[in-house]
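Shown here: final17.pdb, PDB, C-alpha atoms.
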```pdb
ATOM      1  CA  PRO G   1      80.597  75.800 -48.025  1.00  0.00           C
ATOM      2  CA  LYS G   2      84.385  75.740 -48.340  1.00  0.00           C
ATOM      3  CA  ILE G   3      84.858  77.461 -44.970  1.00  0.00           C
ATOM      4  CA  GLY G   4      82.141  75.648 -43.091  1.00  0.00           C
ATOM      5  CA  LEU G   5      79.370  78.183 -43.504  1.00  0.00           C
ATOM      6  CA  GLY G   6      77.262  76.247 -46.020  1.00  0.00           C
ATOM      7  CA  LYS G   7      74.417  75.647 -43.553  1.00  0.00           C
ATOM      8  CA  VAL G   8      74.369  79.116 -41.987  1.00  0.00           C
ATOM      9  CA  ASN G   9      71.027  80.747 -42.701  1.00  0.00           C
ATOM     10  CA  LEU G  10      71.811  84.429 -42.128  1.00  0.00           C
ATOM     11  CA  PRO G  11      71.335  87.417 -44.398  1.00  0.00           C
ATOM     12  CA  GLU G  12      74.974  88.402 -43.914  1.00  0.00           C
ATOM     13  CA  VAL G  13      78.120  86.869 -42.439  1.00  0.00           C
ATOM     14  CA  VAL G  14      81.071  89.067 -41.466  1.00  0.00           C
ATOM     15  CA  LEU G  15      84.515  87.513 -41.320  1.00  0.00           C
ATOM     16  CA  GLY G  16      87.597  89.114 -39.805  1.00  0.00           C
ATOM     17  CA  LEU G  17      91.027  88.320 -41.164  1.00  0.00           C
ATOM     18  CA  THR G  18      94.418  89.042 -39.662  1.00  0.00           C
ATOM     19  CA  MET G  19      97.536  89.153 -41.801  1.00  0.00           C
ATOM     20  CA  VAL G  20     100.252  87.276 -39.954  1.00  0.00           C
ATOM     21  CA  SER G  21     103.068  88.187 -42.311  1.00  0.00           C
ATOM     22  CA  PHE G  22     103.755  89.394 -45.807  1.00  0.00           C
ATOM     23  CA  SER G  23     106.668  89.903 -48.116  1.00  0.00           C
ATOM     24  CA  LYS G  24     107.030  92.468 -50.807  1.00  0.00           C
ATOM     25  CA  VAL G  25     107.640  90.815 -54.144  1.00  0.00           C
ATOM     26  CA  GLU G  26     109.912  92.595 -56.579  1.00  0.00           C
ATOM     27  CA  ASP G  27     108.274  91.043 -59.587  1.00  0.00           C
ATOM     28  CA  ASN G  28     107.018  92.937 -62.594  1.00  0.00           C
ATOM     29  CA  THR G  29     104.570  90.136 -63.391  1.00  0.00           C
ATOM     30  CA  LEU G  30     102.177  91.317 -60.680  1.00  0.00           C
ATOM     31  CA  PRO G  31      99.069  93.164 -61.795  1.00  0.00           C
ATOM     32  CA  GLU G  32      99.554  96.933 -61.895  1.00  0.00           C
ATOM     33  CA  THR G  33      96.880  97.581 -59.268  1.00  0.00           C
ATOM     34  CA  PHE G  34      98.734  95.363 -56.791  1.00  0.00           C
ATOM     35  CA  GLN G  35     102.026  97.166 -57.407  1.00  0.00           C
ATOM     36  CA  GLU G  36     100.323 100.536 -56.995  1.00  0.00           C
ATOM     37  CA  GLN G  37      99.229  99.634 -53.462  1.00  0.00           C
ATOM     38  CA  TRP G  38     102.839  99.920 -52.348  1.00  0.00           C
ATOM     39  CA  GLU G  39     102.992 103.422 -53.758  1.00  0.00           C
ATOM     40  CA  ASP G  40      99.744 104.939 -52.469  1.00  0.00           C
ATOM     41  CA  THR G  41      99.817 108.688 -52.258  1.00  0.00           C
ATOM     42  CA  ILE G  42      98.800 110.371 -49.027  1.00  0.00           C
ATOM     43  CA  GLU G  43      95.560 111.446 -50.683  1.00  0.00           C
ATOM     44  CA  GLU G  44      94.780 107.815 -51.546  1.00  0.00           C
ATOM     45  CA  ARG G  45      95.550 106.726 -47.978  1.00  0.00           C
ATOM     46  CA  ILE G  46      93.251 109.449 -46.647  1.00  0.00           C
ATOM     47  CA  GLU G  47      90.466 108.307 -48.979  1.00  0.00           C
ATOM     48  CA  LEU G  48      90.959 104.701 -47.854  1.00  0.00           C
ATOM     49  CA  ALA G  49      91.000 105.823 -44.218  1.00  0.00           C
ATOM     50  CA  LEU G  50      87.710 107.696 -44.689  1.00  0.00           C
ATOM     51  CA  ASN G  51      86.146 104.628 -46.301  1.00  0.00           C
ATOM     52  CA  ARG G  52      87.344 102.462 -43.423  1.00  0.00           C
ATOM     53  CA  LYS G  53      85.942 104.972 -40.939  1.00  0.00           C
ATOM     54  CA  GLU G  54      82.530 104.660 -42.618  1.00  0.00           C
ATOM     55  CA  VAL G  55      82.711 100.864 -42.322  1.00  0.00           C
ATOM     56  CA  ALA G  56      83.616 101.211 -38.641  1.00  0.00           C
ATOM     57  CA  SER G  57      80.689 103.586 -38.079  1.00  0.00           C
ATOM     58  CA  LYS G  58      78.293 101.109 -39.677  1.00  0.00           C
ATOM     59  CA  LEU G  59      79.647  98.366 -37.409  1.00  0.00           C
ATOM     60  CA  PHE G  60      79.082 100.611 -34.394  1.00  0.00           C
ATOM     61  CA  LYS G  61      75.502 101.343 -35.455  1.00  0.00           C
ATOM     62  CA  ALA G  62      74.982  97.586 -35.839  1.00  0.00           C
ATOM     63  CA  LYS G  63      76.190  97.201 -32.225  1.00  0.00           C
ATOM     64  CA  ARG G  64      79.288  95.290 -33.331  1.00  0.00           C
ATOM     65  CA  PHE G  65      81.464  97.274 -30.918  1.00  0.00           C
ATOM     66  CA  GLU G  66      84.585  95.079 -30.882  1.00  0.00           C
ATOM     67  CA  MET G  67      84.684  94.952 -34.660  1.00  0.00           C
ATOM     68  CA  ALA G  68      84.048  98.698 -34.852  1.00  0.00           C
ATOM     69  CA  LEU G  69      86.896  99.369 -32.434  1.00  0.00           C
ATOM     70  CA  ASP G  70      89.203  97.176 -34.494  1.00  0.00           C
ATOM     71  CA  ALA G  71      88.138  99.010 -37.643  1.00  0.00           C
ATOM     72  CA  TYR G  72      88.762 102.430 -36.050  1.00  0.00           C
ATOM     73  CA  ASN G  73      92.247 101.268 -35.064  1.00  0.00           C
ATOM     74  CA  LYS G  74      92.861 100.171 -38.650  1.00  0.00           C
ATOM     75  CA  VAL G  75      92.042 103.689 -39.824  1.00  0.00           C
ATOM     76  CA  PHE G  76      94.986 104.912 -37.753  1.00  0.00           C
ATOM     77  CA  LEU G  77      97.198 102.274 -39.371  1.00  0.00           C
ATOM     78  CA  THR G  78      96.009 103.317 -42.819  1.00  0.00           C
ATOM     79  CA  LEU G  79      96.957 106.926 -42.193  1.00  0.00           C
ATOM     80  CA  GLY G  80     100.442 106.016 -41.036  1.00  0.00           C
ATOM     81  CA  ARG G  81     102.702 108.619 -39.499  1.00  0.00           C
ATOM     82  CA  VAL G  82     100.637 111.777 -39.319  1.00  0.00           C
ATOM     83  CA  ASP G  83     103.617 113.932 -38.350  1.00  0.00           C
ATOM     84  CA  GLN G  84     105.083 113.354 -41.816  1.00  0.00           C
ATOM     85  CA  MET G  85     102.048 114.658 -43.700  1.00  0.00           C
ATOM     86  CA  ARG G  86     101.936 117.857 -45.669  1.00  0.00           C
ATOM     87  CA  GLU G  87     100.724 120.873 -43.769  1.00  0.00           C
ATOM     88  CA  ASP G  88      97.798 121.493 -46.142  1.00  0.00           C
ATOM     89  CA  LEU G  89      96.357 118.087 -45.170  1.00  0.00           C
ATOM     90  CA  MET G  90      96.969 118.342 -41.431  1.00  0.00           C
ATOM     91  CA  GLU G  91      93.768 120.196 -40.449  1.00  0.00           C
ATOM     92  CA  GLY G  92      91.491 117.604 -42.040  1.00  0.00           C
ATOM     93  CA  ILE G  93      93.591 114.776 -40.621  1.00  0.00           C
ATOM     94  CA  ALA G  94      93.521 116.348 -37.145  1.00  0.00           C
ATOM     95  CA  ASP G  95      89.713 116.482 -37.290  1.00  0.00           C
ATOM     96  CA  LEU G  96      89.593 112.869 -38.477  1.00  0.00           C
ATOM     97  CA  ILE G  97      91.850 111.743 -35.625  1.00  0.00           C
ATOM     98  CA  LEU G  98      89.665 113.529 -33.048  1.00  0.00           C
ATOM     99  CA  THR G  99      86.576 111.868 -34.504  1.00  0.00           C
ATOM    100  CA  LEU G 100      88.288 108.473 -34.400  1.00  0.00           C
ATOM    101  CA  GLU G 101      89.257 108.931 -30.739  1.00  0.00           C
ATOM    102  CA  LEU G 102      85.712 110.026 -29.878  1.00  0.00           C
ATOM    103  CA  ASN G 103      84.326 106.969 -31.616  1.00  0.00           C
ATOM    104  CA  LYS G 104      86.845 104.719 -29.886  1.00  0.00           C
ATOM    105  CA  ALA G 105      85.744 106.173 -26.541  1.00  0.00           C
ATOM    106  CA  ALA G 106      82.134 105.333 -27.408  1.00  0.00           C
ATOM    107  CA  CYS G 107      83.147 101.763 -28.311  1.00  0.00           C
ATOM    108  CA  PHE G 108      85.102 101.347 -25.086  1.00  0.00           C
ATOM    109  CA  LEU G 109      82.104 102.556 -23.053  1.00  0.00           C
ATOM    110  CA  GLN G 110      79.860 100.051 -24.819  1.00  0.00           C
ATOM    111  CA  LEU G 111      82.422  97.311 -24.135  1.00  0.00           C
ATOM    112  CA  ASN G 112      82.519  98.261 -20.443  1.00  0.00           C
ATOM    113  CA  ASP G 113      86.153  99.402 -20.590  1.00  0.00           C
ATOM    114  CA  PRO G 114      85.957 102.814 -18.900  1.00  0.00           C
ATOM    115  CA  SER G 115      89.737 103.162 -18.446  1.00  0.00           C
ATOM    116  CA  SER G 116      90.345 102.953 -22.195  1.00  0.00           C
ATOM    117  CA  ALA G 117      87.349 105.221 -22.851  1.00  0.00           C
ATOM    118  CA  LEU G 118      88.850 107.755 -20.467  1.00  0.00           C
ATOM    119  CA  ALA G 119      92.190 107.637 -22.285  1.00  0.00           C
ATOM    120  CA  SER G 120      90.515 108.238 -25.663  1.00  0.00           C
ATOM    121  CA  ALA G 121      88.320 111.059 -24.361  1.00  0.00           C
ATOM    122  CA  ASN G 122      91.328 112.709 -22.714  1.00  0.00           C
ATOM    123  CA  LYS G 123      93.245 112.625 -26.023  1.00  0.00           C
ATOM    124  CA  VAL G 124      90.420 114.559 -27.643  1.00  0.00           C
ATOM    125  CA  LEU G 125      90.246 117.030 -24.777  1.00  0.00           C
ATOM    126  CA  GLN G 126      93.987 117.713 -25.045  1.00  0.00           C
ATOM    127  CA  ALA G 127      93.367 118.990 -28.562  1.00  0.00           C
ATOM    128  CA  ASP G 128      89.924 120.540 -27.926  1.00  0.00           C
ATOM    129  CA  CYS G 129      89.211 121.200 -24.249  1.00  0.00           C
ATOM    130  CA  ASN G 130      85.612 122.250 -25.006  1.00  0.00           C
ATOM    131  CA  ASN G 131      84.568 119.216 -27.029  1.00  0.00           C
ATOM    132  CA  VAL G 132      81.134 118.402 -25.605  1.00  0.00           C
ATOM    133  CA  LYS G 133      81.075 114.782 -26.753  1.00  0.00           C
ATOM    134  CA  ALA G 134      84.523 114.157 -25.276  1.00  0.00           C
ATOM    135  CA  LEU G 135      83.466 115.743 -21.987  1.00  0.00           C
ATOM    136  CA  PHE G 136      80.359 113.566 -21.864  1.00  0.00           C
ATOM    137  CA  ARG G 137      82.264 110.373 -22.621  1.00  0.00           C
ATOM    138  CA  ARG G 138      84.967 111.367 -20.137  1.00  0.00           C
ATOM    139  CA  ALA G 139      82.330 111.830 -17.428  1.00  0.00           C
ATOM    140  CA  LYS G 140      80.797 108.423 -18.156  1.00  0.00           C
ATOM    141  CA  ALA G 141      84.249 106.831 -18.086  1.00  0.00           C
ATOM    142  CA  LEU G 142      85.152 108.554 -14.816  1.00  0.00           C
ATOM    143  CA  HIS G 143      81.924 107.283 -13.298  1.00  0.00           C
ATOM    144  CA  GLY G 144      82.766 103.820 -14.616  1.00  0.00           C
ATOM    145  CA  VAL G 145      86.117 103.795 -12.819  1.00  0.00           C
ATOM    146  CA  GLY G 146      84.545 105.110  -9.620  1.00  0.00           C
ATOM    147  CA  HIS G 147      85.686 108.759  -9.778  1.00  0.00           C
ATOM    148  CA  HIS G 148      82.183 110.119  -9.293  1.00  0.00           C
ATOM    149  CA  ILE G 149      83.035 113.630  -8.082  1.00  0.00           C
ATOM    150  CA  GLU G 150      85.399 114.211 -10.994  1.00  0.00           C
ATOM    151  CA  ALA G 151      82.642 112.911 -13.284  1.00  0.00           C
ATOM    152  CA  VAL G 152      80.214 115.446 -11.770  1.00  0.00           C
ATOM    153  CA  LYS G 153      82.728 118.276 -12.292  1.00  0.00           C
ATOM    154  CA  THR G 154      83.189 117.212 -15.909  1.00  0.00           C
ATOM    155  CA  LEU G 155      79.419 117.179 -16.460  1.00  0.00           C
ATOM    156  CA  GLU G 156      79.080 120.599 -14.839  1.00  0.00           C
ATOM    157  CA  ARG G 157      81.732 121.944 -17.216  1.00  0.00           C
ATOM    158  CA  LEU G 158      79.837 120.359 -20.119  1.00  0.00           C
ATOM    159  CA  VAL G 159      76.548 121.943 -19.017  1.00  0.00           C
ATOM    160  CA  ALA G 160      78.284 125.330 -18.745  1.00  0.00           C
ATOM    161  CA  LEU G 161      79.241 124.936 -22.424  1.00  0.00           C
ATOM    162  CA  ASP G 162      75.948 123.395 -23.539  1.00  0.00           C
ATOM    163  CA  LYS G 163      73.085 124.439 -21.299  1.00  0.00           C
ATOM    164  CA  SER G 164      70.584 122.445 -23.377  1.00  0.00           C
ATOM    165  CA  ASN G 165      72.289 119.089 -22.724  1.00  0.00           C
ATOM    166  CA  THR G 166      69.539 117.386 -20.737  1.00  0.00           C
ATOM    167  CA  GLU G 167      71.316 114.029 -20.600  1.00  0.00           C
ATOM    168  CA  ALA G 168      74.324 115.575 -18.853  1.00  0.00           C
ATOM    169  CA  LYS G 169      72.047 117.466 -16.462  1.00  0.00           C
ATOM    170  CA  ALA G 170      70.201 114.259 -15.612  1.00  0.00           C
ATOM    171  CA  LEU G 171      73.429 112.382 -14.829  1.00  0.00           C
ATOM    172  CA  ILE G 172      74.765 114.937 -12.334  1.00  0.00           C
ATOM    173  CA  PRO G 173      72.458 113.872  -9.458  1.00  0.00           C
ATOM    174  CA  VAL G 174      72.944 110.188 -10.371  1.00  0.00           C
ATOM    175  CA  TYR G 175      76.727 110.530 -10.117  1.00  0.00           C
ATOM    176  CA  ARG G 176      76.452 112.544  -6.887  1.00  0.00           C
ATOM    177  CA  GLN G 177      74.334 109.755  -5.437  1.00  0.00           C
ATOM    178  CA  ALA G 178      76.873 107.172  -6.613  1.00  0.00           C
ATOM    179  CA  HIS G 179      79.598 109.133  -4.801  1.00  0.00           C
ATOM    180  CA  LYS G 180      77.500 109.306  -1.649  1.00  0.00           C
ATOM    181  CA  ALA G 181      76.798 105.558  -1.778  1.00  0.00           C
ATOM    182  CA  ALA G 182      80.489 104.779  -2.356  1.00  0.00           C
ATOM    183  CA  ALA G 183      81.479 107.022   0.555  1.00  0.00           C
ATOM    184  CA  GLU G 184      78.949 105.320   2.850  1.00  0.00           C
ATOM    185  CA  THR G 185      80.177 101.888   1.796  1.00  0.00           C
ATOM    186  CA  SER G 186      83.811 102.802   2.421  1.00  0.00           C
ATOM    187  CA  ALA G 187      82.881 104.296   5.822  1.00  0.00           C
ATOM    188  CA  GLU G 188      81.185 101.031   6.760  1.00  0.00           C
ATOM    189  CA  GLN G 189      84.167  98.865   5.751  1.00  0.00           C
ATOM    190  CA  PRO G 190      86.336  99.529   8.849  1.00  0.00           C
ATOM    191  CA  ALA G 191      83.340  98.924  11.124  1.00  0.00           C
ATOM    192  CA  LEU G 192      82.734  95.531   9.488  1.00  0.00           C
ATOM    193  CA  GLN G 193      86.348  94.487   9.935  1.00  0.00           C
ATOM    194  CA  ASN G 194      86.316  95.093  13.734  1.00  0.00           C
TER     195      ASN G 194
END
```

Please go through the file and, once you have read it, give me the structure as structure tokens.
Amino acid sequence: PKIGLGKVNLPEVVLGLTMVSFSKVEDNTLPETFQEQWEDTIEERIELALNRKEVASKLFKAKRFEMALDAYNKVFLTLGRVDQMREDLMEGIADLILTLELNKAACFLQLNDPSSALASANKVLQADCNNVKALFRRAKALHGVGHHIEAVKTLERLVALDKSNTEAKALIPVYRQAHKAAAETSAEQPALQN
């Protein structure tokens, strides 16, 4: 009731908060747990990042794509500067970062932002050029920005890696047809202007 939700009849209400500013207090009267937050070890930050990733995944499954995207971005913030991490942690962190970028690409596709989806998928493919999910999301993003032939080539590469991927196989003729339709439309444009 204090925030105006007293009459909302929903099983669950999700609120998002943004911290505008903060100041570190050098005061020993603060509870120990609060002081410890400033001194999190890398292992603790990784654990927090993994927990935040799970929250983001649940938001995605609930079709809360904007909130999921925001949560995935917060995982990156939680991890901090990856290049300063110990080498023994880097492999797990690298896998986590690839998963986050893949998930961001999926969010961007759901939010009809193919350019951002393409950027995320390409980041994954720079690290793992044979990542099937990244190839699939890249193809969908390319189609979304109107690069149908490049999308077809990406799907063909995916099918060469994963011959059982029926969804990719089914999209190839759809994207070829989209290219053909776009080419016909662009060929008609000069004739309409005359």

_Nearest to Gly92 of chain G by atom-to-atom distance, counting all atoms listed in the file, from G:Leu50, G:Ala119, G:Ile172, G:Ala181_ =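 Nearest to Gly92 of chain G: G:Leu50.
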
_Set the distance at 12 Å and use only C-alpha atoms: which residues neighbour Gly144 of chain G once local chain neighbours fewer than 4 positions away are removed? I'd like the list as a list in words._
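Contacts, with the query itself left out: Phe108, Leu109, Gln110, Leu111, Asn112, Asp113, Pro114, Ser115, Ser116, Ala117, Leu118, Arg137, Arg138, Ala139, Lys140, His148, Ile149, Glu150, Ala151, Tyr175, Ala178 and His179 of chain G.
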
*Rounded to one decimal in Å, what is the spacing between atom CA of Leu158 of chain G and atom CA of Asn73 of chain G?*
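Value for the atom CA of Leu158 of chain G-atom CA of Asn73 of chain G distance: 27.2 Å.
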
*Mind giving me the straight-line distance from atom CA of Glu43 of chain G to atom CA of Leu96 of chain G in Å, one decimal?*
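One can read the atom CA of Glu43 of chain G to atom CA of Leu96 of chain G distance as 13.7 Å.
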
*asked:* I need the output of the PyMOL selection byres ((chain G and resi 100) around 12) for this file as a VMD selection string; which residues are they?
replied: chain G and resid 49 to 50 52 to 54 56 to 57 68 to 77 79 93 to 99 101 to 107 120 to 121 123 to 124 134

How big is the axis-aligned box, and where does its centre sit, when it encloses all atoms of segment 147-164 of chain G listed in the file and has 4 Å added on every side, reported in Å to one decimal as lines of an AutoDock Vina configuration file?
```
center_x = 78.1
center_y = 117.0
center_z = -15.8
size_x = 23.1
size_y = 24.6
size_z = 23.5
```

Can you list, as a PDB file with C-alpha atoms, in the frame of the given file, every protein, DNA or RNA residue that comes within 10 Å of Arg157 of chain G when you count all atoms listed in the file, leaving out same-chain residues fewer than 2 positions away?
```
ATOM      1  CA  ASN G 130      85.612 122.250 -25.006  1.00  0.00           C
ATOM      2  CA  VAL G 132      81.134 118.402 -25.605  1.00  0.00           C
ATOM      3  CA  LEU G 135      83.466 115.743 -21.987  1.00  0.00           C
ATOM      4  CA  PHE G 136      80.359 113.566 -21.864  1.00  0.00           C
ATOM      5  CA  ALA G 151      82.642 112.911 -13.284  1.00  0.00           C
ATOM      6  CA  VAL G 152      80.214 115.446 -11.770  1.00  0.00           C
ATOM      7  CA  LYS G 153      82.728 118.276 -12.292  1.00  0.00           C
ATOM      8  CA  THR G 154      83.189 117.212 -15.909  1.00  0.00           C
ATOM      9  CA  LEU G 155      79.419 117.179 -16.460  1.00  0.00           C
ATOM     10  CA  VAL G 159      76.548 121.943 -19.017  1.00  0.00           C
ATOM     11  CA  ALA G 160      78.284 125.330 -18.745  1.00  0.00           C
ATOM     12  CA  LEU G 161      79.241 124.936 -22.424  1.00  0.00           C
ATOM     13  CA  ASP G 162      75.948 123.395 -23.539  1.00  0.00           C
ATOM     14  CA  LYS G 163      73.085 124.439 -21.299  1.00  0.00           C
ATOM     15  CA  ALA G 168      74.324 115.575 -18.853  1.00  0.00           C
TER      16      ALA G 168
END
```
